[in-house]
>>> print(open('final_17.cif').read())   # mmCIF, C-alpha atoms and all ligand atoms
data_work
loop_
_atom_site.label_atom_id
_atom_site.label_comp_id
_atom_site.auth_asym_id
_atom_site.auth_seq_id
_atom_site.Cartn_x
_atom_site.Cartn_y
_atom_site.Cartn_z
CA MET C 1 1.92 1.50 31.45
CA TYR C 2 4.99 -0.38 32.61
CA LEU C 3 8.22 1.06 31.20
CA THR C 4 11.70 -0.44 31.52
CA ASP C 5 14.47 1.72 32.99
CA GLU C 6 15.72 2.45 29.47
CA GLU C 7 12.24 3.50 28.31
CA LEU C 8 11.76 5.64 31.41
CA GLY C 9 15.06 7.32 30.65
CA MET C 10 13.86 8.06 27.10
CA LEU C 11 10.67 9.58 28.51
CA ASN C 12 12.62 11.67 30.99
CA GLY C 13 14.86 13.10 28.29
CA THR C 14 18.16 11.34 28.99
CA GLU C 15 18.48 10.49 25.28
CA GLY C 16 17.65 13.96 24.02
CA PRO C 17 14.53 15.90 23.06
CA ALA C 18 13.61 13.97 19.88
CA VAL C 19 13.61 10.66 21.72
CA GLN C 20 11.71 12.23 24.61
CA LYS C 21 9.05 13.67 22.30
CA SER C 22 8.73 10.32 20.54
CA MET C 23 8.30 8.43 23.81
CA GLN C 24 5.63 10.94 24.86
CA VAL C 25 3.73 10.21 21.63
CA LEU C 26 3.99 6.45 22.17
CA THR C 27 3.01 6.44 25.85
CA ALA C 28 -0.02 8.64 25.08
CA LEU C 29 -1.01 6.22 22.33
CA GLY C 30 -0.45 3.24 24.60
CA ASP C 31 -2.54 4.79 27.37
CA ALA C 32 -5.36 5.51 24.93
CA PHE C 33 -5.43 1.86 23.81
CA GLY C 34 -4.83 0.30 27.23
CA ALA C 35 -1.34 -1.03 26.44
CA GLU C 36 0.44 -2.50 29.45
CA ARG C 37 3.99 -2.21 28.12
CA MET C 38 6.19 -1.34 25.17
CA ILE C 39 7.53 -3.87 22.66
CA PRO C 40 10.88 -3.55 20.85
CA ILE C 41 10.48 -3.49 17.07
CA CYS C 42 12.65 -4.84 14.25
CA SER C 43 11.84 -2.23 11.63
CA ALA C 44 9.64 0.68 10.56
CA HIS C 45 8.04 1.73 7.27
CA LEU C 46 7.13 5.41 7.39
CA PRO C 47 3.86 6.69 5.91
CA GLY C 48 2.91 10.35 5.98
CA LEU C 49 6.06 11.59 4.29
CA SER C 50 4.23 12.74 1.20
CA ILE C 51 3.67 16.47 1.05
CA GLU C 52 0.01 15.86 0.18
CA VAL C 53 -0.44 14.32 3.65
CA ALA C 54 2.18 16.20 5.67
CA GLY C 55 2.20 19.62 3.99
CA GLU C 56 4.58 22.40 4.93
CA ALA C 57 3.86 21.81 8.65
CA GLY C 58 5.00 18.21 8.32
CA VAL C 59 8.26 19.25 6.68
CA HIS C 60 8.91 21.65 9.57
CA PHE C 61 8.07 18.99 12.16
CA LEU C 62 10.43 16.47 10.58
CA ALA C 63 13.22 19.06 10.35
CA GLU C 64 12.69 19.92 14.01
CA MET C 65 12.92 16.26 15.04
CA LYS C 66 16.12 15.86 13.05
CA ASP C 67 17.62 19.05 14.48
CA LYS C 68 16.80 17.81 17.98
CA GLY C 69 18.89 14.73 17.39
CA GLY C 70 16.27 12.34 15.98
CA LYS C 71 17.86 9.22 14.46
CA PHE C 72 16.15 6.02 13.42
CA ARG C 73 17.41 3.18 15.56
CA VAL C 74 15.80 0.39 13.52
CA TYR C 75 15.82 -0.45 9.81
CA THR C 76 13.51 2.21 8.37
CA THR C 77 12.12 2.71 4.88
CA THR C 78 9.87 5.41 3.45
CA ASN C 79 6.47 4.96 1.83
CA ILE C 80 5.35 6.48 -1.42
CA CYS C 81 5.60 10.27 -1.81
CA SER C 82 3.94 12.96 -3.89
CA ILE C 83 6.37 13.20 -6.80
CA ASP C 84 8.40 11.14 -9.25
CA PHE C 85 11.92 12.22 -8.29
CA GLU C 86 13.26 11.52 -11.76
CA GLU C 87 10.55 12.50 -14.24
CA TRP C 88 8.48 14.89 -12.12
CA GLU C 89 8.46 17.69 -14.63
CA SER C 90 7.58 15.67 -17.71
CA ILE C 91 4.60 14.00 -16.02
CA GLY C 92 3.19 17.35 -14.89
CA ILE C 93 4.19 17.62 -11.22
CA LEU C 94 4.47 21.27 -10.23
CA PRO C 95 7.90 22.73 -9.33
CA GLU C 96 6.67 23.82 -5.88
CA ASP C 97 5.64 20.23 -5.08
CA HIS C 98 9.03 18.99 -6.21
CA GLU C 99 10.80 21.55 -4.06
CA LEU C 100 8.79 20.78 -0.91
CA GLN C 101 9.03 17.00 -1.34
CA GLN C 102 12.80 17.29 -1.81
CA ARG C 103 13.08 19.24 1.43
CA MET C 104 11.09 16.59 3.25
CA SER C 105 13.06 13.64 1.92
CA VAL C 106 16.37 15.26 2.82
CA GLN C 107 15.24 15.27 6.47
CA SER C 108 14.10 11.64 6.63
CA HIS C 109 17.26 10.53 4.84
CA ALA C 110 19.43 12.46 7.30
CA MET C 111 17.64 10.65 10.15
CA GLY C 112 18.66 7.33 8.64
CA ALA C 113 15.76 6.25 6.42
CA LEU C 114 16.25 4.26 3.25
CA GLU C 115 14.34 6.41 0.78
CA LEU C 116 12.35 3.62 -0.83
CA HIS C 117 9.32 5.76 -1.75
CA SER C 118 7.20 2.69 -2.31
CA CYS C 119 4.19 0.94 -0.82
CA ILE C 120 5.69 -2.53 -1.45
CA PRO C 121 8.66 -2.58 0.95
CA TYR C 122 8.15 -6.36 1.29
CA GLU C 123 9.13 -6.77 -2.40
CA LEU C 124 12.09 -4.43 -2.09
CA GLY C 125 14.19 -6.07 0.58
CA HIS C 126 12.32 -4.95 3.69
CA ILE C 127 10.94 -8.33 4.73
CA PRO C 128 10.07 -8.96 8.37
CA ARG C 129 9.83 -12.58 9.52
CA LEU C 130 6.99 -14.47 11.18
CA SER C 131 6.04 -12.90 14.54
CA ASP C 132 8.46 -9.97 14.16
CA HIS C 133 7.03 -6.82 15.71
CA VAL C 134 7.33 -3.84 13.36
CA ALA C 135 5.85 -0.35 12.98
CA TRP C 136 4.54 0.01 9.45
CA GLY C 137 2.22 2.49 7.85
CA GLU C 138 0.25 2.36 4.55
CA SER C 139 -2.77 0.15 4.83
CA SER C 140 -1.98 -2.31 2.01
CA ALA C 141 1.60 -2.83 3.23
CA VAL C 142 0.34 -3.33 6.80
CA MET C 143 -2.24 -5.84 5.57
CA TYR C 144 0.41 -7.76 3.62
CA ALA C 145 2.88 -7.74 6.53
CA ASN C 146 0.36 -9.09 9.05
CA SER C 147 -1.39 -11.53 6.73
CA VAL C 148 1.15 -12.92 4.27
CA LEU C 149 4.38 -12.51 6.26
CA GLY C 150 2.90 -13.07 9.73
CA ALA C 151 4.70 -10.00 11.07
CA ARG C 152 2.90 -7.86 13.66
CA THR C 153 2.03 -4.24 13.12
CA ASN C 154 -0.81 -1.85 13.72
CA LYS C 155 -1.74 0.60 10.98
CA GLU C 156 0.69 3.28 12.06
CA GLY C 157 0.15 6.88 11.11
CA GLY C 158 3.00 9.29 10.27
CA PRO C 159 3.72 10.54 13.83
CA SER C 160 3.49 7.15 15.55
CA ALA C 161 5.66 5.37 12.94
CA LEU C 162 8.22 8.16 13.21
CA ALA C 163 8.23 7.92 17.01
CA ALA C 164 8.57 4.13 16.81
CA ALA C 165 11.51 4.37 14.40
CA ILE C 166 13.25 6.87 16.71
CA THR C 167 12.73 4.85 19.91
CA GLY C 168 12.64 1.32 18.49
CA ARG C 169 9.43 0.69 20.45
CA VAL C 170 5.67 0.44 19.99
CA PRO C 171 2.97 0.15 22.64
CA ALA C 172 1.71 -3.43 23.02
CA TYR C 173 -1.86 -3.32 21.75
CA GLY C 174 -3.94 -4.30 18.71
CA MET C 175 -2.21 -6.51 16.16
CA HIS C 176 0.82 -7.06 18.40
CA LEU C 177 -1.26 -9.31 20.68
CA ASP C 178 -2.30 -12.89 19.85
CA GLU C 179 -5.91 -12.40 20.93
CA ASN C 180 -6.52 -9.71 18.28
CA ARG C 181 -5.31 -11.79 15.35
CA TYR C 182 -8.25 -14.15 14.92
CA ALA C 183 -10.93 -13.99 12.23
CA LYS C 184 -14.57 -13.32 12.95
CA VAL C 185 -15.89 -13.70 9.39
CA VAL C 186 -15.42 -16.66 7.03
CA ILE C 187 -15.64 -16.20 3.25
CA ASN C 188 -15.77 -19.37 1.17
CA ILE C 189 -14.37 -18.81 -2.33
CA LYS C 190 -16.68 -20.60 -4.77
CA THR C 191 -15.35 -19.27 -8.05
CA ASP C 192 -12.16 -19.26 -10.12
CA LEU C 193 -9.89 -16.29 -9.54
CA LYS C 194 -7.79 -15.84 -12.66
CA ASN C 195 -5.61 -12.81 -12.09
CA MET C 196 -4.63 -9.96 -9.76
CA THR C 197 -7.77 -8.02 -10.61
CA ASP C 198 -10.00 -10.93 -9.52
CA TYR C 199 -8.13 -11.10 -6.22
CA GLY C 200 -8.64 -7.37 -5.83
CA THR C 201 -12.36 -7.85 -6.41
CA LEU C 202 -12.38 -10.61 -3.78
CA GLY C 203 -10.59 -8.27 -1.36
CA TYR C 204 -13.20 -5.59 -1.91
CA PHE C 205 -15.94 -8.14 -1.18
CA GLY C 206 -14.02 -9.25 1.93
CA GLY C 207 -13.63 -5.73 3.25
CA LYS C 208 -17.31 -4.90 2.76
CA ASN C 209 -18.40 -8.13 4.51
CA SER C 210 -15.81 -8.04 7.27
CA LYS C 211 -18.01 -6.64 10.07
CA ASN C 212 -14.96 -4.50 10.94
CA GLY C 213 -13.02 -7.64 11.82
CA ILE C 214 -10.56 -10.08 10.31
CA VAL C 215 -11.72 -12.28 7.43
CA ALA C 216 -10.62 -15.90 6.91
CA PHE C 217 -10.88 -17.04 3.28
CA THR C 218 -11.34 -20.71 2.51
CA GLY C 219 -11.01 -22.38 -0.88
CA MET C 220 -8.16 -20.22 -2.17
CA ASP C 221 -5.97 -21.76 -4.89
CA GLU C 222 -2.85 -23.10 -3.19
CA HIS C 223 -0.80 -21.68 -6.09
CA VAL C 224 -1.96 -18.11 -5.52
CA SER C 225 0.93 -15.75 -6.35
CA ASN C 226 2.42 -13.09 -4.10
CA GLU C 227 1.20 -10.46 -6.57
CA GLU C 228 -2.37 -11.76 -6.31
CA LEU C 229 -2.13 -11.69 -2.51
CA LYS C 230 -0.83 -8.15 -2.80
CA TYR C 231 -3.93 -7.08 -4.73
CA LEU C 232 -6.13 -8.86 -2.22
CA ALA C 233 -4.34 -7.11 0.66
CA ALA C 234 -4.67 -3.69 -0.96
CA SER C 235 -8.36 -3.87 -1.71
CA ILE C 236 -9.48 -5.51 1.52
CA SER C 237 -7.57 -2.85 3.47
CA SER C 238 -9.28 -0.07 1.55
CA ALA C 239 -12.80 -1.54 1.77
CA GLY C 240 -12.67 -2.61 5.45
CA THR C 241 -11.06 -1.51 8.69
CA ALA C 242 -9.08 -4.59 9.76
CA ALA C 243 -5.30 -4.88 9.40
CA MET C 244 -5.15 -8.58 8.57
CA PHE C 245 -6.79 -11.45 6.71
CA HIS C 246 -6.23 -15.19 6.78
CA ALA C 247 -6.25 -17.56 3.82
CA VAL C 248 -6.67 -21.07 5.15
CA GLY C 249 -3.81 -23.33 4.12
CA ILE C 250 -1.86 -20.41 2.67
CA THR C 251 -1.09 -17.63 5.16
CA PRO C 252 1.15 -18.56 8.09
CA GLU C 253 -1.30 -18.19 10.97
CA ALA C 254 -4.09 -20.12 9.25
CA SER C 255 -2.94 -23.68 8.75
CA THR C 256 -6.55 -24.64 9.59
CA LEU C 257 -9.81 -22.71 9.75
CA GLU C 258 -10.00 -23.48 13.45
CA LYS C 259 -6.63 -21.81 14.03
CA ALA C 260 -7.64 -18.77 11.95
CA LEU C 261 -10.76 -18.41 14.12
CA GLY C 262 -8.92 -19.00 17.40
CA GLY C 263 -11.22 -21.91 18.16
CA LYS C 264 -14.34 -19.71 18.15
CA GLU C 265 -17.42 -19.76 15.92
CA PRO C 266 -17.48 -17.12 13.14
CA GLU C 267 -19.97 -14.27 13.44
CA LEU C 268 -20.71 -14.55 9.74
CA THR C 269 -20.04 -17.07 6.96
CA VAL C 270 -20.66 -16.09 3.33
CA ASP C 271 -19.81 -17.46 -0.10
CA PHE C 272 -18.05 -15.51 -2.85
CA THR C 273 -19.53 -16.78 -6.10
CA GLU C 274 -18.99 -16.12 -9.81
CA ALA C 275 -22.09 -13.92 -9.71
CA ASP C 276 -20.66 -11.90 -6.78
CA LYS C 277 -17.38 -11.45 -8.63
CA ASN C 278 -19.05 -10.24 -11.83
CA LYS C 279 -21.52 -7.98 -10.04
CA LEU C 280 -18.79 -6.35 -8.00
CA ALA C 281 -16.45 -5.91 -10.98
CA GLU C 282 -19.34 -4.19 -12.77
CA TYR C 283 -19.95 -1.97 -9.74
CA LEU C 284 -16.25 -1.00 -9.52
CA ASP C 285 -16.26 -0.12 -13.22
CA ARG C 286 -17.93 3.12 -12.19
CA GLU C 287 -17.84 5.08 -15.42
CA LYS C 288 -20.19 3.59 -17.99
CA GLY C 289 -19.17 5.70 -20.98
CA GLU C 290 -16.41 5.11 -23.53
CA ALA C 291 -14.19 8.05 -22.60
CA LEU C 292 -10.62 7.21 -21.61
CA ASP C 293 -7.48 9.32 -21.29
CA TRP C 294 -5.44 7.73 -18.49
CA VAL C 295 -4.51 4.15 -17.60
CA VAL C 296 -2.87 3.58 -14.22
CA ILE C 297 -1.44 0.19 -13.24
CA GLY C 298 0.54 -0.25 -10.03
CA CYS C 299 -1.65 0.29 -7.01
CA PRO C 300 0.15 -1.13 -5.04
CA HIS C 301 3.39 -0.47 -6.93
CA VAL C 302 4.32 -3.13 -9.44
CA GLY C 303 7.09 -5.55 -8.56
CA ASN C 304 9.50 -7.46 -10.79
CA ALA C 305 7.09 -10.20 -11.87
CA GLU C 306 4.46 -7.65 -12.91
CA LEU C 307 7.02 -5.61 -14.84
CA LYS C 308 7.80 -8.72 -16.86
CA GLU C 309 4.09 -9.45 -17.35
CA LEU C 310 3.39 -5.87 -18.44
CA ALA C 311 6.28 -5.83 -20.88
CA GLU C 312 4.88 -9.02 -22.43
CA ALA C 313 1.36 -7.55 -22.58
CA LEU C 314 2.62 -4.35 -24.24
CA LYS C 315 5.15 -5.90 -26.63
CA GLY C 316 4.45 -4.74 -30.18
CA LYS C 317 1.41 -2.69 -29.11
CA ARG C 318 0.86 1.04 -29.59
CA ILE C 319 -1.05 3.14 -27.08
CA ALA C 320 -3.45 5.64 -28.68
CA GLY C 321 -2.30 9.26 -28.69
CA ASN C 322 -5.12 10.47 -26.41
CA VAL C 323 -4.18 8.06 -23.59
CA GLU C 324 -1.44 8.38 -20.95
CA PHE C 325 -0.45 4.89 -19.78
CA TRP C 326 1.28 4.87 -16.38
CA ILE C 327 2.92 1.94 -14.64
CA LEU C 328 3.68 2.87 -11.03
CA CYS C 329 6.82 1.44 -9.48
CA SER C 330 9.77 2.17 -7.21
CA ALA C 331 13.10 3.52 -8.42
CA MET C 332 14.47 -0.01 -7.84
CA GLY C 333 11.68 -1.43 -10.00
CA LYS C 334 12.47 1.02 -12.78
CA ALA C 335 16.17 0.14 -12.68
CA PHE C 336 15.24 -3.56 -12.83
CA ALA C 337 12.93 -2.90 -15.79
CA GLU C 338 15.71 -1.05 -17.56
CA SER C 339 18.37 -3.70 -17.01
CA ASN C 340 16.01 -6.46 -18.21
CA GLY C 341 14.89 -4.62 -21.32
CA TYR C 342 11.28 -4.25 -20.09
CA LYS C 343 11.46 -0.46 -19.90
CA ALA C 344 12.41 -0.21 -23.57
CA VAL C 345 9.46 -2.45 -24.56
CA ILE C 346 7.05 -0.51 -22.34
CA GLU C 347 8.19 2.84 -23.71
CA ALA C 348 8.11 1.62 -27.32
CA ALA C 349 4.41 0.95 -26.79
CA GLY C 350 3.91 4.53 -25.61
CA ALA C 351 3.52 3.68 -21.90
CA ARG C 352 5.74 5.03 -19.13
CA LEU C 353 7.14 3.97 -15.79
CA VAL C 354 6.33 6.47 -13.04
CA GLN C 355 8.38 6.02 -9.88
CA ASP C 356 8.08 6.93 -6.17
CA THR C 357 4.48 8.10 -6.27
CA CYS C 358 0.83 7.42 -7.14
CA PRO C 359 -2.13 9.67 -8.02
CA VAL C 360 -3.68 9.21 -4.56
CA VAL C 361 -0.81 11.04 -2.83
CA MET C 362 -0.15 13.68 -5.46
CA THR C 363 -1.38 17.15 -4.61
CA MET C 364 -4.65 18.27 -6.19
CA GLU C 365 -2.71 21.11 -7.82
CA SER C 366 -0.37 18.70 -9.58
CA LEU C 367 -3.27 16.41 -10.52
CA ARG C 368 -5.04 19.37 -12.10
CA ASN C 369 -1.85 20.21 -13.96
CA ILE C 370 -1.56 16.62 -15.23
CA GLY C 371 -5.04 17.27 -16.54
CA ARG C 372 -6.45 13.76 -17.01
CA LYS C 373 -10.11 13.04 -16.38
CA THR C 374 -11.04 9.41 -17.09
CA LEU C 375 -8.85 6.84 -15.44
CA ALA C 376 -8.84 3.08 -16.01
CA THR C 377 -7.15 0.73 -13.57
CA ASN C 378 -6.88 -2.91 -12.56
CA SER C 379 -6.79 -1.95 -8.86
CA ALA C 380 -9.93 -2.02 -6.72
CA LYS C 381 -7.99 -0.01 -4.15
CA LEU C 382 -7.31 2.77 -6.62
CA VAL C 383 -11.00 2.85 -7.59
CA ASN C 384 -11.79 3.21 -3.89
CA CYS C 385 -9.12 5.75 -2.97
CA MET C 386 -8.83 8.06 -5.97
CA PRO C 387 -9.93 11.53 -4.91
CA GLY C 388 -13.65 11.58 -5.71
CA GLU C 389 -13.83 14.99 -7.29
CA GLY C 390 -13.32 15.24 -10.97
CA PHE C 391 -12.30 11.68 -11.92
CA LEU C 392 -14.28 9.09 -13.83
CA ILE C 393 -13.06 5.54 -13.22
CA HIS C 394 -13.03 2.31 -15.21
CA TYR C 395 -12.03 -1.06 -13.75
CA GLY C 396 -10.71 -4.08 -15.62
CA ASP C 397 -7.83 -6.54 -15.86
CA ILE C 398 -4.51 -5.82 -17.56
CA ASN C 399 -5.52 -7.23 -20.95
CA THR C 400 -8.70 -5.16 -20.96
CA LEU C 401 -6.70 -2.04 -20.08
CA VAL C 402 -4.13 -2.63 -22.81
CA LYS C 403 -6.82 -3.23 -25.44
CA ALA C 404 -8.73 -0.13 -24.41
CA ALA C 405 -5.54 1.96 -24.38
CA GLU C 406 -4.72 0.84 -27.92
CA LYS C 407 -8.17 1.86 -29.12
CA GLY C 408 -8.19 5.08 -27.12
CA ARG C 409 -11.62 4.36 -25.67
CA TRP C 410 -13.08 2.15 -22.97
CA GLU C 411 -14.42 -1.11 -24.29
CA LYS C 412 -14.67 -4.44 -22.46
FE1 LIG C 501 0.30 2.30 -3.02
FE2 LIG C 501 -0.84 4.61 -3.69
FE3 LIG C 501 -2.11 2.37 -4.09
S1 LIG C 501 0.30 4.17 -1.83
S2 LIG C 501 -1.41 0.98 -2.49
S3 LIG C 501 -0.19 2.99 -5.09
S4 LIG C 501 -3.01 4.25 -3.29
#
>>> encode(input="final_17.cif", output="structure tokens")
Amino acid sequence: MYLTDEELGMLNGTEGPAVQKSMQVLTALGDAFGAERMIPICSAHLPGLSIEVAGEAGVHFLAEMKDKGGKFRVYTTTNICSIDFEEWESIGILPEDHELQQRMSVQSHAMGALELHSCIPYELGHIPRLSDHVAWGESSAVMYANSVLGARTNKEGGPSALAAAITGRVPAYGMHLDENRYAKVVINIKTDLKNMTDYGTLGYFGGKNSKNGIVAFTGMDEHVSNEELKYLAASISSAGTAAMFHAVGITPEASTLEKALGGKEPELTVDFTEADKNKLAEYLDREKGEALDWVVIGCPHVGNAELKELAEALKGKRIAGNVEFWILCSAMGKAFAESNGYKAVIEAAGARLVQDTCPVVMTMESLRNIGRKTLATNSAKLVNCMPGEGFLIHYGDINTLVKAAEKGRWEK
């Protein structure tokens, strides 16, 4: 791989051991994927900083990198972690998880990260522009960045995102190159999509029909909201392997279907019909019984518009005593909800805002301690990613979830 003099210096250790180690990681990655050069990046969003993923070994590794002089040289934010830093104890997170996650976050903060602890950096001020090269992790955030913002990132893992943030470089392969950003499957939307949940269902259909490539959707409502695109991004990323989708006439690299396809013929064209939507929603509603003790909304984390919508949906309602009702958000989201009066409305209904985390990245020990069994969600991604063992899962839109939570049993 061609390296500039500055990059060669990094590799040879002139900028210290943390930079050298990082450049070794990136050149090995670049060699494995046939990259010809490095690309400077504008920003990084770090996955893998939850203790569920990184464990004690990850905390040690991060501390070592910091002690060896590691500093982030680009704007860097952190993804979701394994605890709610504010209410960890009252939601059932174990003290040992809190202690380890604290130790980890201290290291990334000392290296220069903005401790966002959220999977929606693009709603929290970290907003790359069209064609910006970045190094982001977390599959739904990566999907949103590539598709909706037109930024360029591979699905970075913890070590590669860390190395990219320290060096300000990524190897030039995958989603950084024009030729890898074209669709090979076309999905024609032939039904009304009414809310975020419907877009999540569409995303799941897209991922399963993607032939491991990029999907171009046609027929999408031109007034689709950013929140609906977020749900689409999350579910398509969890059901397929690609890091991008196009929506013709909506996303920035798909002004026409021809452009989305790069002038080639699609390998597959399928319709998404009302019957497909209903069948898939029924399939995702995995648990057929009435039991319900946990509602989780916010996969991906809820943003400001959803906080308003949820406060309106919960106003004057009362959640049944057997149900925990969680709304997952960032610390910034919670502060916004508080200052706008939404938090008070949500809490008056018996629901709670849970910040910085989600059940998928909590440790199994803390999940056992939380002790819930039957989860209902409006997120196809959460249905797909919730640890399989021990959880029964219902799927429905926000109104269905609120009604069921009031009754204390699942009913559509
Ligand atoms: Fe975010 Fe956790 Fe869902 S990281 S996208 S809330 S699985």
>>> axis_aligned_box(input="final_17.cif", around="ligand LIG 501 (chain C)", padding_each_side="6 Å", output="AutoDock Vina command-line options")
--center_x -1.4 --center_y 2.8 --center_z -3.5 --size_x 15.3 --size_y 15.6 --size_z 15.3
>>> residues_around(input="final_17.cif", residues="region 73-88 of chain C", least_positions_apart="3", cutoff="8 Å", atoms="all atoms listed in the file", output="count of residues only")
43
>>> closest_residue(input="final_17.cif", among="C:Gly13, C:Pro359, C:Gly262, C:Gly150", to="ligand LIG 501 (chain C)", atoms="only C-alpha atoms and all ligand atoms")
C:Pro359
>>> residues_around(input="final_17.cif", residues="Asp31 (chain C)", least_positions_apart="5", cutoff="10 Å", atoms="all atoms listed in the file", output="list in words")
Met1, Leu26, Glu36, Arg37, Pro171 and Tyr173 of chain C
>>> residues_near_ligand(input="final_17.cif", ligand="ligand LIG 501 (chain C)", cutoff="6 Å", atoms="all atoms listed in the file", output="PyMOL selection string")
chain C and resi 80+119+140+234+298-301+358+360+382
>>> atom_distance(input="final_17.cif", atom1="CA of Trp136 (chain C)", atom2="CA of Met111 (chain C)")
16.9 Å
>>> closest_residue(input="final_17.cif", among="C:Phe336, C:Glu222, C:Ala320, C:Ala172", to="Gly34 (chain C)", atoms="only C-alpha atoms")
C:Ala172
>>> closest_residue(input="final_17.cif", among="C:Gln20, C:Ser339, C:Ser379, C:Ser237", to="Asn146 (chain C)", atoms="all atoms listed in the file")
C:Ser237
>>> residues_around(input="final_17.cif", residues="region 54-63 of chain C", least_positions_apart="6", cutoff="8 Å", atoms="all atoms listed in the file", output="list in words")
Gly48, Leu100, Arg103, Met104, Gln107 and Ser108 of chain C
>>> write_last_selection(input="final_17.cif", atoms="C-alpha atoms", output="PDB file, keeping the file's coordinate frame")
ATOM      1  CA  GLY C  48       2.910  10.350   5.980  1.00  0.00           C
ATOM      2  CA  LEU C 100       8.790  20.780  -0.910  1.00  0.00           C
ATOM      3  CA  ARG C 103      13.080  19.240   1.430  1.00  0.00           C
ATOM      4  CA  MET C 104      11.090  16.590   3.250  1.00  0.00           C
ATOM      5  CA  GLN C 107      15.240  15.270   6.470  1.00  0.00           C
ATOM      6  CA  SER C 108      14.100  11.640   6.630  1.00  0.00           C
TER       7      SER C 108
END
>>> closest_residue(input="final_17.cif", among="C:Gly213, C:Gly206, C:Gly396, C:Gly158", to="Leu232 (chain C)", atoms="all atoms listed in the file")
C:Gly206
>>> closest_residue(input="final_17.cif", among="C:Glu7, C:Asp285, C:Glu406, C:Glu64", to="Val170 (chain C)", atoms="all atoms listed in the file")
C:Glu7
